[in-house]
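S.K.: Below you will find the structure I want to go over with you.
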Amino acid sequence: MSDLTTTTATGAAADAEKPDAAGIDSRLEGHRVELTGYCYRMLGSAFEAEDAVQDTLVRAWRNFDKFEGRSSLRSWLYRIATNVCLDMLNAGNKRARPVDLTGPTPLAQAALSPRPENVWLEPMPDGRILPSVQDPAEAAVARESVRLAFVAALQHLPPKQRAVLILREVLAWKAAEVAELLETSVASVNSALQRARATLTETEGRAGDAADPLDEEQQKLLERYVKAFEGYDMAALTALLHEDAVMTMPPFDLWLRGTGDITGFMTSIGAACAGSKLVPVSANGSPGFAHYKPAEDGSGFVPWAVQVIDIQDGAITGMHCFLDVPRWFPLFGLPDRLPADAQEA
């Protein structure tokens with residue numbers, strides 16, 4: 001039974017009496033992934049995005065008999081989802097990366113100071129936000145628009161500008177369609193888009209350029225990264241990192257820049273990660289890994305981080321390590337332990 005069916009069945013007995021309930025459920029569920037991608041770009045939070053979509057689909061279910069068909073079902077759902085997200089954003093919370101909040105910390109001053117969960121931009125598995133599409137160009141736009149750097153830049157926009165830019169630039173809606181959805185004028189939509197573009201030009205950070213699927217050079221780079229990381233070979237790792245590479249570790253606001261500070265951290269404060277295992281994952285349109293470190297009792301490997309990797313010009317430019325494993329590993333469908341004889345990724 002789907003999440004939607006479960007929620008609506010427990011929400012109101014009357015809903016179960018809707019004609020062709022299974023058919024309605026199926027039609028609504030067919031839009032879940034693209035709506036989750038939209039809400040994730042709006043909110044910057046994996047779990048808030050999924051809550052927003054669930055709220056959207058429940059509202060649509062309960063009001064399906066009022067859907068008059070003057071617009072497509074998809075447009076109607078986006079209208080509901082936009083209103084849900086705008087309501088959530090009225091609370092004023094803005095998600096960020098460590099690099100958005102402070103300057104880099106020299107290794108000599110490194111300290112692990114956590115901030116609350118609701119501060120951070122969160123990672124998201126590709127399968128939850130990127131629907132299958134046939135057009136390679138459309139797939140590339142979708143992938144670029146969920147990269148951490150792009151989603152972080154979106155957080156600098158006022159909520160309605162954010163919605164306009166996503167609908168127009170990412171989802172390729174016409175200005176008139178966006179104006180109807182937001183109940184405003186085409187001129188207002190165009191003005192909001194122009195302002196949003198200007199802000200993004202100022203704030204968007206360096207994004208990765210990993211292809212989908214990864215090309216041969218990128219695959220070899222990641223294979224060498226896994227070998228260097230699992231072997232804790234800092235010389236080999238240094239050779240793979242861009243000289244200005246960054247390493248972030250939410251929920252800690254500490255972030256490091258440069259190969260010296262990154263490898264120095266890994267061999268000092270992060271020395272317990274020696275002998276780790278990496279399992280490939282896909283997150284935010286980028287390559288990534290589930291990082292398991294050796295269990296203290298010697299019985300295999302335990303979750304430590306989800307890494308999202310930025311690649312640019314043949315080098316690794318970012319290692320974004322999300323450490324709140326009780327949240328991330330279930331979201332990515334990852335096991336809670338690897339056996340002692342786990343093979344290399």
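Residue numbering restarts at 1 in every chain; chains get A, B, ... in the order shown in the structure tokens, and ligands count up from 1 in that same order.
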Using only C-alpha atoms, which residues sit within 8 Å of A:His320 once same-chain residues fewer than 5 positions away are excluded, as JSON, numbers by chain?
M.R.: {"A": [246, 247, 248, 249, 306, 307, 308, 309]}
S.K.: Using all heavy atoms, can you export the residues from the last selection as an mmCIF file, in the first residue's frame?
M.R.:
```cif
data_model
loop_
_atom_site.group_PDB
_atom_site.id
_atom_site.type_symbol
_atom_site.label_atom_id
_atom_site.label_comp_id
_atom_site.auth_asym_id
_atom_site.auth_seq_id
_atom_site.Cartn_x
_atom_site.Cartn_y
_atom_site.Cartn_z
ATOM 1 N N VAL A 246 37.528 21.756 -1.308
ATOM 2 C CA VAL A 246 36.947 22.013 0.010
ATOM 3 C C VAL A 246 36.401 20.710 0.584
ATOM 4 O O VAL A 246 36.010 19.792 -0.141
ATOM 5 C CB VAL A 246 35.836 23.076 -0.043
ATOM 6 C CG1 VAL A 246 36.365 24.389 -0.585
ATOM 7 C CG2 VAL A 246 34.644 22.599 -0.858
ATOM 8 N N MET A 247 36.377 20.663 1.899
ATOM 9 C CA MET A 247 35.796 19.542 2.626
ATOM 10 C C MET A 247 34.854 20.104 3.677
ATOM 11 O O MET A 247 35.249 20.943 4.502
ATOM 12 C CB MET A 247 36.894 18.702 3.291
ATOM 13 C CG MET A 247 36.388 17.493 4.052
ATOM 14 S SD MET A 247 37.783 16.552 4.762
ATOM 15 C CE MET A 247 36.900 15.182 5.533
ATOM 16 N N THR A 248 33.588 19.694 3.624
ATOM 17 C CA THR A 248 32.604 20.141 4.597
ATOM 18 C C THR A 248 32.072 18.938 5.362
ATOM 19 O O THR A 248 32.109 17.813 4.871
ATOM 20 C CB THR A 248 31.439 20.882 3.920
ATOM 21 O OG1 THR A 248 30.693 19.959 3.103
ATOM 22 C CG2 THR A 248 31.944 22.017 3.050
ATOM 23 N N MET A 249 31.558 19.199 6.581
ATOM 24 C CA MET A 249 31.136 18.104 7.469
ATOM 25 C C MET A 249 29.907 18.474 8.291
ATOM 26 O O MET A 249 29.964 18.477 9.520
ATOM 27 C CB MET A 249 32.294 17.719 8.396
ATOM 28 C CG MET A 249 33.482 17.097 7.710
ATOM 29 S SD MET A 249 34.987 17.109 8.734
ATOM 30 C CE MET A 249 35.544 18.806 8.468
ATOM 31 N N VAL A 306 27.575 10.244 4.605
ATOM 32 C CA VAL A 306 27.273 10.198 3.176
ATOM 33 C C VAL A 306 28.097 11.294 2.525
ATOM 34 O O VAL A 306 27.993 12.465 2.901
ATOM 35 C CB VAL A 306 25.772 10.410 2.897
ATOM 36 C CG1 VAL A 306 25.537 10.645 1.402
ATOM 37 C CG2 VAL A 306 24.969 9.205 3.357
ATOM 38 N N GLN A 307 28.949 10.909 1.601
ATOM 39 C CA GLN A 307 29.801 11.863 0.899
ATOM 40 C C GLN A 307 29.184 12.210 -0.458
ATOM 41 O O GLN A 307 28.804 11.318 -1.206
ATOM 42 C CB GLN A 307 31.192 11.275 0.652
ATOM 43 C CG GLN A 307 31.973 10.892 1.885
ATOM 44 C CD GLN A 307 33.359 10.356 1.511
ATOM 45 O OE1 GLN A 307 33.749 10.327 0.352
ATOM 46 N NE2 GLN A 307 34.113 9.935 2.521
ATOM 47 N N VAL A 308 29.122 13.494 -0.748
ATOM 48 C CA VAL A 308 28.754 13.964 -2.083
ATOM 49 C C VAL A 308 30.008 14.597 -2.676
ATOM 50 O O VAL A 308 30.617 15.477 -2.063
ATOM 51 C CB VAL A 308 27.598 14.973 -2.040
ATOM 52 C CG1 VAL A 308 27.226 15.430 -3.455
ATOM 53 C CG2 VAL A 308 26.372 14.352 -1.357
ATOM 54 N N ILE A 309 30.393 14.145 -3.862
ATOM 55 C CA ILE A 309 31.669 14.519 -4.453
ATOM 56 C C ILE A 309 31.463 15.467 -5.634
ATOM 57 O O ILE A 309 30.657 15.193 -6.529
ATOM 58 C CB ILE A 309 32.441 13.270 -4.938
ATOM 59 C CG1 ILE A 309 32.619 12.270 -3.792
ATOM 60 C CG2 ILE A 309 33.782 13.660 -5.538
ATOM 61 C CD1 ILE A 309 33.453 12.760 -2.635
#
```
S.K.: Show me, as an MDAnalysis selection string, the residues that have an atom within 7 Å of A:Pro251 when counting only C-alpha atoms, minus same-chain residues fewer than 4 positions from it.
M.R.: chainID A and resid 114:115 117 323
S.K.: Just list the residues in stretch 75-305 of chain A DSSP gives alpha helix (DSSP H) on the backbone, as a compact mmCIF listing (two decimals) with N, CA and C atoms, in the first residue's frame.
M.R.:
```
# COMPACT_ATOMS: atom_id res chain seq x y z
N SER A 75 -0.33 20.53 -13.44
CA SER A 75 -0.32 21.95 -13.07
C SER A 75 -1.04 22.17 -11.76
N TRP A 76 -2.15 21.48 -11.58
CA TRP A 76 -2.92 21.61 -10.34
C TRP A 76 -2.09 21.16 -9.15
N LEU A 77 -1.37 20.05 -9.30
CA LEU A 77 -0.53 19.56 -8.21
C LEU A 77 0.61 20.53 -7.91
N TYR A 78 1.19 21.12 -8.95
CA TYR A 78 2.26 22.09 -8.71
C TYR A 78 1.72 23.33 -8.00
N ARG A 79 0.50 23.71 -8.30
CA ARG A 79 -0.09 24.85 -7.58
C ARG A 79 -0.20 24.53 -6.09
N ILE A 80 -0.69 23.34 -5.78
CA ILE A 80 -0.83 22.94 -4.38
C ILE A 80 0.54 22.86 -3.72
N ALA A 81 1.49 22.22 -4.40
CA ALA A 81 2.83 22.06 -3.83
C ALA A 81 3.50 23.41 -3.60
N THR A 82 3.31 24.35 -4.53
CA THR A 82 3.90 25.68 -4.36
C THR A 82 3.34 26.36 -3.12
N ASN A 83 2.04 26.28 -2.94
CA ASN A 83 1.42 26.91 -1.77
C ASN A 83 1.91 26.26 -0.47
N VAL A 84 2.05 24.93 -0.49
CA VAL A 84 2.56 24.24 0.69
C VAL A 84 3.98 24.73 1.02
N CYS A 85 4.83 24.80 0.00
CA CYS A 85 6.21 25.24 0.22
C CYS A 85 6.28 26.69 0.68
N LEU A 86 5.48 27.55 0.07
CA LEU A 86 5.49 28.95 0.47
C LEU A 86 5.05 29.10 1.92
N ASP A 87 4.07 28.31 2.34
CA ASP A 87 3.65 28.35 3.74
C ASP A 87 4.79 27.91 4.65
N MET A 88 5.51 26.86 4.24
CA MET A 88 6.62 26.37 5.07
C MET A 88 7.76 27.38 5.12
N LEU A 89 7.99 28.08 4.01
CA LEU A 89 9.07 29.06 3.96
C LEU A 89 8.73 30.34 4.70
N PRO A 98 28.10 24.79 5.04
CA PRO A 98 29.12 25.43 5.88
C PRO A 98 29.84 26.57 5.17
N VAL A 99 30.10 26.41 3.86
CA VAL A 99 30.83 27.45 3.14
C VAL A 99 30.02 28.73 2.99
N ASP A 100 28.70 28.66 3.23
CA ASP A 100 27.86 29.85 3.15
C ASP A 100 27.83 30.64 4.46
N LEU A 101 28.31 30.03 5.54
CA LEU A 101 28.14 30.64 6.86
C LEU A 101 29.42 31.23 7.44
N ASP A 126 19.29 10.63 -5.70
CA ASP A 126 18.79 10.97 -7.04
C ASP A 126 17.45 10.32 -7.32
N GLY A 127 17.28 9.07 -6.90
CA GLY A 127 16.07 8.34 -7.24
C GLY A 127 14.80 8.93 -6.65
N ARG A 128 14.94 9.78 -5.64
CA ARG A 128 13.77 10.39 -5.01
C ARG A 128 13.38 11.72 -5.65
N ILE A 129 14.28 12.29 -6.48
CA ILE A 129 14.01 13.64 -6.99
C ILE A 129 14.21 13.79 -8.49
N PRO A 136 18.12 13.71 -23.25
CA PRO A 136 19.37 13.91 -22.50
C PRO A 136 19.55 15.34 -22.02
N ALA A 137 19.14 16.31 -22.84
CA ALA A 137 19.29 17.72 -22.43
C ALA A 137 18.40 18.02 -21.23
N GLU A 138 17.18 17.50 -21.24
CA GLU A 138 16.27 17.71 -20.11
C GLU A 138 16.81 17.03 -18.85
N ALA A 139 17.37 15.83 -19.03
CA ALA A 139 17.95 15.13 -17.88
C ALA A 139 19.13 15.90 -17.31
N ALA A 140 19.94 16.50 -18.18
CA ALA A 140 21.10 17.26 -17.72
C ALA A 140 20.67 18.48 -16.92
N VAL A 141 19.64 19.19 -17.38
CA VAL A 141 19.13 20.36 -16.65
C VAL A 141 18.62 19.94 -15.28
N ALA A 142 17.86 18.85 -15.24
CA ALA A 142 17.32 18.38 -13.97
C ALA A 142 18.44 18.04 -13.00
N ARG A 143 19.47 17.37 -13.50
CA ARG A 143 20.59 16.97 -12.65
C ARG A 143 21.35 18.19 -12.12
N GLU A 144 21.63 19.15 -13.01
CA GLU A 144 22.34 20.35 -12.59
C GLU A 144 21.55 21.12 -11.53
N LEU A 148 24.33 20.50 -5.10
CA LEU A 148 24.34 21.22 -3.82
C LEU A 148 24.57 22.71 -4.01
N ALA A 149 25.49 23.07 -4.91
CA ALA A 149 25.80 24.50 -5.10
C ALA A 149 24.59 25.25 -5.63
N PHE A 150 23.84 24.65 -6.54
CA PHE A 150 22.68 25.33 -7.12
C PHE A 150 21.56 25.45 -6.09
N VAL A 151 21.27 24.37 -5.38
CA VAL A 151 20.21 24.42 -4.38
C VAL A 151 20.57 25.40 -3.27
N ALA A 152 21.85 25.47 -2.91
CA ALA A 152 22.28 26.45 -1.91
C ALA A 152 22.06 27.87 -2.42
N ALA A 153 22.36 28.11 -3.70
CA ALA A 153 22.15 29.44 -4.26
C ALA A 153 20.67 29.80 -4.27
N LEU A 154 19.80 28.82 -4.52
CA LEU A 154 18.35 29.09 -4.50
C LEU A 154 17.89 29.62 -3.15
N PRO A 159 11.08 33.48 -1.41
CA PRO A 159 10.35 32.27 -1.80
C PRO A 159 9.66 32.34 -3.16
N LYS A 160 8.96 33.43 -3.47
CA LYS A 160 8.25 33.49 -4.75
C LYS A 160 9.22 33.59 -5.92
N GLN A 161 10.31 34.31 -5.75
CA GLN A 161 11.34 34.33 -6.81
C GLN A 161 11.91 32.94 -7.02
N ARG A 162 12.07 32.23 -5.94
CA ARG A 162 12.59 30.86 -6.02
C ARG A 162 11.64 29.99 -6.86
N ALA A 163 10.36 30.10 -6.56
CA ALA A 163 9.37 29.33 -7.32
C ALA A 163 9.38 29.71 -8.79
N VAL A 164 9.43 31.00 -9.07
CA VAL A 164 9.44 31.46 -10.47
C VAL A 164 10.65 30.91 -11.20
N LEU A 165 11.82 31.02 -10.61
CA LEU A 165 13.03 30.57 -11.30
C LEU A 165 13.00 29.06 -11.55
N ALA A 175 5.80 31.72 -19.10
CA ALA A 175 5.53 32.80 -18.14
C ALA A 175 4.05 32.89 -17.80
N ALA A 176 3.20 32.70 -18.79
CA ALA A 176 1.75 32.77 -18.55
C ALA A 176 1.30 31.65 -17.62
N GLU A 177 1.89 30.47 -17.75
CA GLU A 177 1.53 29.34 -16.88
C GLU A 177 1.96 29.62 -15.44
N VAL A 178 3.14 30.20 -15.27
CA VAL A 178 3.61 30.52 -13.92
C VAL A 178 2.75 31.63 -13.32
N ALA A 179 2.40 32.60 -14.13
CA ALA A 179 1.55 33.70 -13.64
C ALA A 179 0.21 33.16 -13.16
N GLU A 180 -0.36 32.22 -13.90
CA GLU A 180 -1.64 31.64 -13.49
C GLU A 180 -1.48 30.87 -12.19
N LEU A 181 -0.40 30.10 -12.08
CA LEU A 181 -0.19 29.31 -10.87
C LEU A 181 -0.04 30.21 -9.65
N LEU A 182 0.72 31.31 -9.80
CA LEU A 182 0.98 32.20 -8.67
C LEU A 182 -0.06 33.29 -8.52
N VAL A 186 1.99 38.27 -15.93
CA VAL A 186 3.16 37.85 -16.67
C VAL A 186 4.31 38.82 -16.44
N ALA A 187 4.00 40.12 -16.38
CA ALA A 187 5.04 41.12 -16.15
C ALA A 187 5.72 40.89 -14.80
N SER A 188 4.94 40.55 -13.78
CA SER A 188 5.52 40.28 -12.46
C SER A 188 6.39 39.05 -12.48
N VAL A 189 5.96 38.03 -13.21
CA VAL A 189 6.76 36.81 -13.33
C VAL A 189 8.09 37.11 -14.01
N ASN A 190 8.04 37.85 -15.10
CA ASN A 190 9.27 38.17 -15.82
C ASN A 190 10.22 39.02 -14.98
N SER A 191 9.66 39.94 -14.22
CA SER A 191 10.47 40.78 -13.35
C SER A 191 11.13 39.94 -12.25
N ALA A 192 10.35 39.03 -11.65
CA ALA A 192 10.88 38.16 -10.60
C ALA A 192 11.98 37.27 -11.14
N LEU A 193 11.80 36.77 -12.36
CA LEU A 193 12.81 35.91 -12.97
C LEU A 193 14.10 36.68 -13.20
N GLN A 194 14.00 37.91 -13.68
CA GLN A 194 15.18 38.73 -13.93
C GLN A 194 15.95 38.98 -12.64
N ARG A 195 15.23 39.30 -11.56
CA ARG A 195 15.90 39.54 -10.29
C ARG A 195 16.52 38.26 -9.74
N ALA A 196 15.82 37.14 -9.91
CA ALA A 196 16.35 35.86 -9.42
C ALA A 196 17.62 35.48 -10.16
N ARG A 197 17.63 35.67 -11.47
CA ARG A 197 18.83 35.36 -12.25
C ARG A 197 20.02 36.20 -11.78
N ALA A 198 19.78 37.47 -11.51
CA ALA A 198 20.86 38.36 -11.07
C ALA A 198 21.43 37.89 -9.73
N THR A 199 20.55 37.50 -8.82
CA THR A 199 21.01 37.03 -7.52
C THR A 199 21.81 35.74 -7.65
N LEU A 200 21.33 34.82 -8.48
CA LEU A 200 22.04 33.56 -8.65
C LEU A 200 23.42 33.77 -9.26
N THR A 201 23.52 34.73 -10.15
CA THR A 201 24.83 35.01 -10.76
C THR A 201 25.83 35.43 -9.69
N GLU A 202 25.36 36.13 -8.67
CA GLU A 202 26.24 36.61 -7.60
C GLU A 202 26.56 35.54 -6.57
N THR A 203 25.64 34.59 -6.38
CA THR A 203 25.76 33.69 -5.23
C THR A 203 26.08 32.25 -5.56
N GLU A 216 34.60 7.89 -18.90
CA GLU A 216 35.67 7.00 -18.49
C GLU A 216 36.69 7.69 -17.59
N GLU A 217 37.01 8.94 -17.90
CA GLU A 217 37.98 9.67 -17.09
C GLU A 217 37.45 9.89 -15.67
N GLN A 218 36.16 10.25 -15.55
CA GLN A 218 35.57 10.48 -14.24
C GLN A 218 35.48 9.19 -13.45
N GLN A 219 35.14 8.09 -14.12
CA GLN A 219 35.08 6.80 -13.43
C GLN A 219 36.44 6.42 -12.87
N LYS A 220 37.48 6.62 -13.66
CA LYS A 220 38.83 6.29 -13.19
C LYS A 220 39.24 7.20 -12.03
N LEU A 221 38.87 8.46 -12.10
CA LEU A 221 39.18 9.38 -11.00
C LEU A 221 38.53 8.90 -9.71
N LEU A 222 37.27 8.49 -9.78
CA LEU A 222 36.57 8.03 -8.58
C LEU A 222 37.14 6.70 -8.10
N GLU A 223 37.54 5.83 -9.01
CA GLU A 223 38.17 4.58 -8.60
C GLU A 223 39.46 4.86 -7.84
N ARG A 224 40.24 5.82 -8.32
CA ARG A 224 41.48 6.18 -7.62
C ARG A 224 41.17 6.82 -6.27
N TYR A 225 40.08 7.60 -6.22
CA TYR A 225 39.68 8.21 -4.95
C TYR A 225 39.34 7.15 -3.92
N VAL A 226 38.55 6.15 -4.33
CA VAL A 226 38.18 5.08 -3.41
C VAL A 226 39.43 4.35 -2.91
N LYS A 227 40.33 4.04 -3.82
CA LYS A 227 41.55 3.34 -3.43
C LYS A 227 42.38 4.18 -2.46
N ALA A 228 42.51 5.47 -2.75
CA ALA A 228 43.29 6.34 -1.87
C ALA A 228 42.63 6.51 -0.52
N PHE A 229 41.30 6.68 -0.51
CA PHE A 229 40.60 6.91 0.76
C PHE A 229 40.61 5.65 1.61
N GLU A 230 40.28 4.51 1.00
CA GLU A 230 40.24 3.27 1.78
C GLU A 230 41.63 2.88 2.26
N MET A 234 47.47 9.51 1.80
CA MET A 234 47.30 10.94 1.65
C MET A 234 48.04 11.51 0.44
N ALA A 235 49.15 10.90 0.07
CA ALA A 235 49.85 11.36 -1.13
C ALA A 235 49.00 11.10 -2.37
N ALA A 236 48.40 9.91 -2.43
CA ALA A 236 47.54 9.58 -3.57
C ALA A 236 46.29 10.46 -3.58
N LEU A 237 45.73 10.73 -2.41
CA LEU A 237 44.55 11.58 -2.34
C LEU A 237 44.87 13.00 -2.78
N THR A 238 45.99 13.51 -2.34
CA THR A 238 46.41 14.87 -2.72
C THR A 238 46.50 15.00 -4.23
N ALA A 239 46.96 13.96 -4.89
CA ALA A 239 47.10 14.01 -6.35
C ALA A 239 45.76 14.09 -7.06
N LEU A 240 44.69 13.71 -6.39
CA LEU A 240 43.36 13.71 -6.99
C LEU A 240 42.57 14.98 -6.70
N THR A 259 44.51 21.12 -0.14
CA THR A 259 44.91 19.73 0.09
C THR A 259 45.64 19.54 1.42
N GLY A 260 46.45 20.52 1.81
CA GLY A 260 47.21 20.37 3.05
C GLY A 260 46.32 20.27 4.27
N ASP A 261 45.33 21.18 4.36
CA ASP A 261 44.44 21.17 5.53
C ASP A 261 43.51 19.95 5.50
N ILE A 262 43.05 19.56 4.31
CA ILE A 262 42.16 18.41 4.22
C ILE A 262 42.87 17.13 4.66
N THR A 263 44.02 16.86 4.09
CA THR A 263 44.73 15.64 4.46
C THR A 263 45.28 15.73 5.88
N GLY A 264 45.64 16.93 6.32
CA GLY A 264 46.09 17.08 7.69
C GLY A 264 44.99 16.77 8.68
N PHE A 265 43.78 17.20 8.37
CA PHE A 265 42.63 16.89 9.23
C PHE A 265 42.38 15.38 9.26
N MET A 266 42.46 14.76 8.10
CA MET A 266 42.16 13.32 8.02
C MET A 266 43.16 12.49 8.81
```
S.K.: Can you pull out every residue from stretch 256-336 of chain A that DSSP, working from the backbone, puts in strand (DSSP E), and format the result as a PyMOL selection string?
M.R.: chain A and resi 256-257+277-283+286-294+301-312+315-322
S.K.: Filtering to N, CA and C atoms, could you give me those residues as an mmCIF file, in the first residue's frame?
M.R.:
```cif
data_model
loop_
_atom_site.group_PDB
_atom_site.id
_atom_site.type_symbol
_atom_site.label_atom_id
_atom_site.label_comp_id
_atom_site.auth_asym_id
_atom_site.auth_seq_id
_atom_site.Cartn_x
_atom_site.Cartn_y
_atom_site.Cartn_z
ATOM 1 N N LEU A 256 37.125 23.063 5.467
ATOM 2 C CA LEU A 256 38.542 23.173 5.163
ATOM 3 C C LEU A 256 38.745 23.428 3.677
ATOM 4 N N ARG A 257 39.786 24.174 3.349
ATOM 5 C CA ARG A 257 40.127 24.440 1.956
ATOM 6 C C ARG A 257 41.605 24.111 1.726
ATOM 7 N N LYS A 277 35.555 1.862 4.514
ATOM 8 C CA LYS A 277 35.027 1.347 3.258
ATOM 9 C C LYS A 277 34.058 2.367 2.667
ATOM 10 N N LEU A 278 34.059 2.474 1.341
ATOM 11 C CA LEU A 278 33.164 3.372 0.628
ATOM 12 C C LEU A 278 32.244 2.561 -0.285
ATOM 13 N N VAL A 279 30.952 2.866 -0.226
ATOM 14 C CA VAL A 279 29.946 2.207 -1.067
ATOM 15 C C VAL A 279 29.328 3.275 -1.964
ATOM 16 N N PRO A 280 29.332 3.092 -3.286
ATOM 17 C CA PRO A 280 28.826 4.137 -4.185
ATOM 18 C C PRO A 280 27.338 4.437 -3.972
ATOM 19 N N VAL A 281 27.001 5.721 -4.026
ATOM 20 C CA VAL A 281 25.611 6.192 -4.042
ATOM 21 C C VAL A 281 25.527 7.336 -5.051
ATOM 22 N N SER A 282 24.310 7.688 -5.433
ATOM 23 C CA SER A 282 24.086 8.853 -6.290
ATOM 24 C C SER A 282 23.262 9.854 -5.508
ATOM 25 N N ALA A 283 23.768 11.069 -5.380
ATOM 26 C CA ALA A 283 23.088 12.087 -4.587
ATOM 27 C C ALA A 283 23.245 13.436 -5.262
ATOM 28 N N SER A 286 25.118 14.052 -8.438
ATOM 29 C CA SER A 286 26.576 13.936 -8.346
ATOM 30 C C SER A 286 26.953 12.541 -7.875
ATOM 31 N N PRO A 287 28.193 12.123 -8.128
ATOM 32 C CA PRO A 287 28.648 10.869 -7.526
ATOM 33 C C PRO A 287 28.795 11.029 -6.021
ATOM 34 N N GLY A 288 28.699 9.931 -5.327
ATOM 35 C CA GLY A 288 28.842 9.989 -3.881
ATOM 36 C C GLY A 288 29.143 8.616 -3.316
ATOM 37 N N PHE A 289 29.349 8.588 -2.012
ATOM 38 C CA PHE A 289 29.686 7.339 -1.344
ATOM 39 C C PHE A 289 29.067 7.318 0.046
ATOM 40 N N ALA A 290 28.649 6.124 0.451
ATOM 41 C CA ALA A 290 28.353 5.881 1.856
ATOM 42 C C ALA A 290 29.667 5.478 2.513
ATOM 43 N N HIS A 291 30.038 6.220 3.521
ATOM 44 C CA HIS A 291 31.325 6.022 4.195
ATOM 45 C C HIS A 291 31.087 5.236 5.482
ATOM 46 N N TYR A 292 31.673 4.045 5.532
ATOM 47 C CA TYR A 292 31.630 3.212 6.734
ATOM 48 C C TYR A 292 33.030 3.169 7.338
ATOM 49 N N LYS A 293 33.137 3.439 8.629
ATOM 50 C CA LYS A 293 34.450 3.362 9.271
ATOM 51 C C LYS A 293 34.512 2.092 10.132
ATOM 52 N N PRO A 294 35.726 1.656 10.475
ATOM 53 C CA PRO A 294 35.856 0.423 11.260
ATOM 54 C C PRO A 294 35.122 0.527 12.605
ATOM 55 N N PHE A 301 32.125 -2.808 9.872
ATOM 56 C CA PHE A 301 32.175 -1.374 9.614
ATOM 57 C C PHE A 301 30.818 -0.749 9.916
ATOM 58 N N VAL A 302 30.843 0.464 10.480
ATOM 59 C CA VAL A 302 29.608 1.143 10.879
ATOM 60 C C VAL A 302 29.467 2.459 10.109
ATOM 61 N N PRO A 303 28.227 2.935 9.923
ATOM 62 C CA PRO A 303 28.006 4.169 9.158
ATOM 63 C C PRO A 303 28.708 5.364 9.781
ATOM 64 N N TRP A 304 29.283 6.199 8.905
ATOM 65 C CA TRP A 304 29.924 7.408 9.389
ATOM 66 C C TRP A 304 29.467 8.650 8.632
ATOM 67 N N ALA A 305 29.302 8.566 7.307
ATOM 68 C CA ALA A 305 28.913 9.759 6.544
ATOM 69 C C ALA A 305 28.389 9.355 5.180
ATOM 70 N N VAL A 306 27.575 10.244 4.605
ATOM 71 C CA VAL A 306 27.273 10.198 3.176
ATOM 72 C C VAL A 306 28.097 11.294 2.525
ATOM 73 N N GLN A 307 28.949 10.909 1.601
ATOM 74 C CA GLN A 307 29.801 11.863 0.899
ATOM 75 C C GLN A 307 29.184 12.210 -0.458
ATOM 76 N N VAL A 308 29.122 13.494 -0.748
ATOM 77 C CA VAL A 308 28.754 13.964 -2.083
ATOM 78 C C VAL A 308 30.008 14.597 -2.676
ATOM 79 N N ILE A 309 30.393 14.145 -3.862
ATOM 80 C CA ILE A 309 31.669 14.519 -4.453
ATOM 81 C C ILE A 309 31.463 15.467 -5.634
ATOM 82 N N ASP A 310 32.183 16.579 -5.626
ATOM 83 C CA ASP A 310 32.214 17.496 -6.771
ATOM 84 C C ASP A 310 33.452 17.207 -7.604
ATOM 85 N N ILE A 311 33.255 17.129 -8.913
ATOM 86 C CA ILE A 311 34.360 16.928 -9.843
ATOM 87 C C ILE A 311 34.358 18.069 -10.844
ATOM 88 N N GLN A 312 35.512 18.615 -11.117
ATOM 89 C CA GLN A 312 35.612 19.665 -12.127
ATOM 90 C C GLN A 312 36.999 19.610 -12.762
ATOM 91 N N ALA A 315 39.502 16.886 -11.656
ATOM 92 C CA ALA A 315 39.966 16.815 -10.266
ATOM 93 C C ALA A 315 38.767 16.882 -9.322
ATOM 94 N N ILE A 316 38.960 16.421 -8.103
ATOM 95 C CA ILE A 316 37.908 16.511 -7.084
ATOM 96 C C ILE A 316 38.001 17.884 -6.437
ATOM 97 N N THR A 317 36.904 18.633 -6.510
ATOM 98 C CA THR A 317 36.889 19.988 -5.958
ATOM 99 C C THR A 317 36.111 20.088 -4.650
ATOM 100 N N GLY A 318 35.326 19.067 -4.335
ATOM 101 C CA GLY A 318 34.555 19.127 -3.099
ATOM 102 C C GLY A 318 34.290 17.744 -2.539
ATOM 103 N N MET A 319 34.457 17.606 -1.223
ATOM 104 C CA MET A 319 34.097 16.399 -0.476
ATOM 105 C C MET A 319 33.123 16.862 0.612
ATOM 106 N N HIS A 320 31.838 16.623 0.385
ATOM 107 C CA HIS A 320 30.808 17.098 1.309
ATOM 108 C C HIS A 320 30.304 15.900 2.111
ATOM 109 N N CYS A 321 30.676 15.862 3.379
ATOM 110 C CA CYS A 321 30.463 14.690 4.221
ATOM 111 C C CYS A 321 29.342 14.982 5.220
ATOM 112 N N PHE A 322 28.195 14.338 5.026
ATOM 113 C CA PHE A 322 27.028 14.551 5.883
ATOM 114 C C PHE A 322 27.033 13.467 6.951
#
```
S.K.: Give the answer as one residue: which of A:Ser45, A:Gln134, A:Ser26, A:Gln109 has the shortest atom-to-atom distance to A:Glu122, using only C-alpha atoms?
M.R.: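 The answer is A:Ser45, which sits nearest to A:Glu122.
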S.K.: What does the distance between atom CA of A:Glu48 and atom CA of A:Ala60 come to in Å, to one decimal place?
M.R.: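 Taking atom CA of A:Glu48 and atom CA of A:Ala60, their separation equals 18.1 Å.
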S.K.: Between atom CA of A:His31 and atom CA of A:Asp51, what is the distance in Å, rounded to a tenth?
M.R.: 14.6 Å
S.K.: Can you tell me which residues surround A:Trp120 at a distance of at most 6 Å, considering only C-alpha atoms, apart from same-chain residues fewer than 4 positions away, and format the answer as a ChimeraX atom specification?
M.R.: /A:95-97
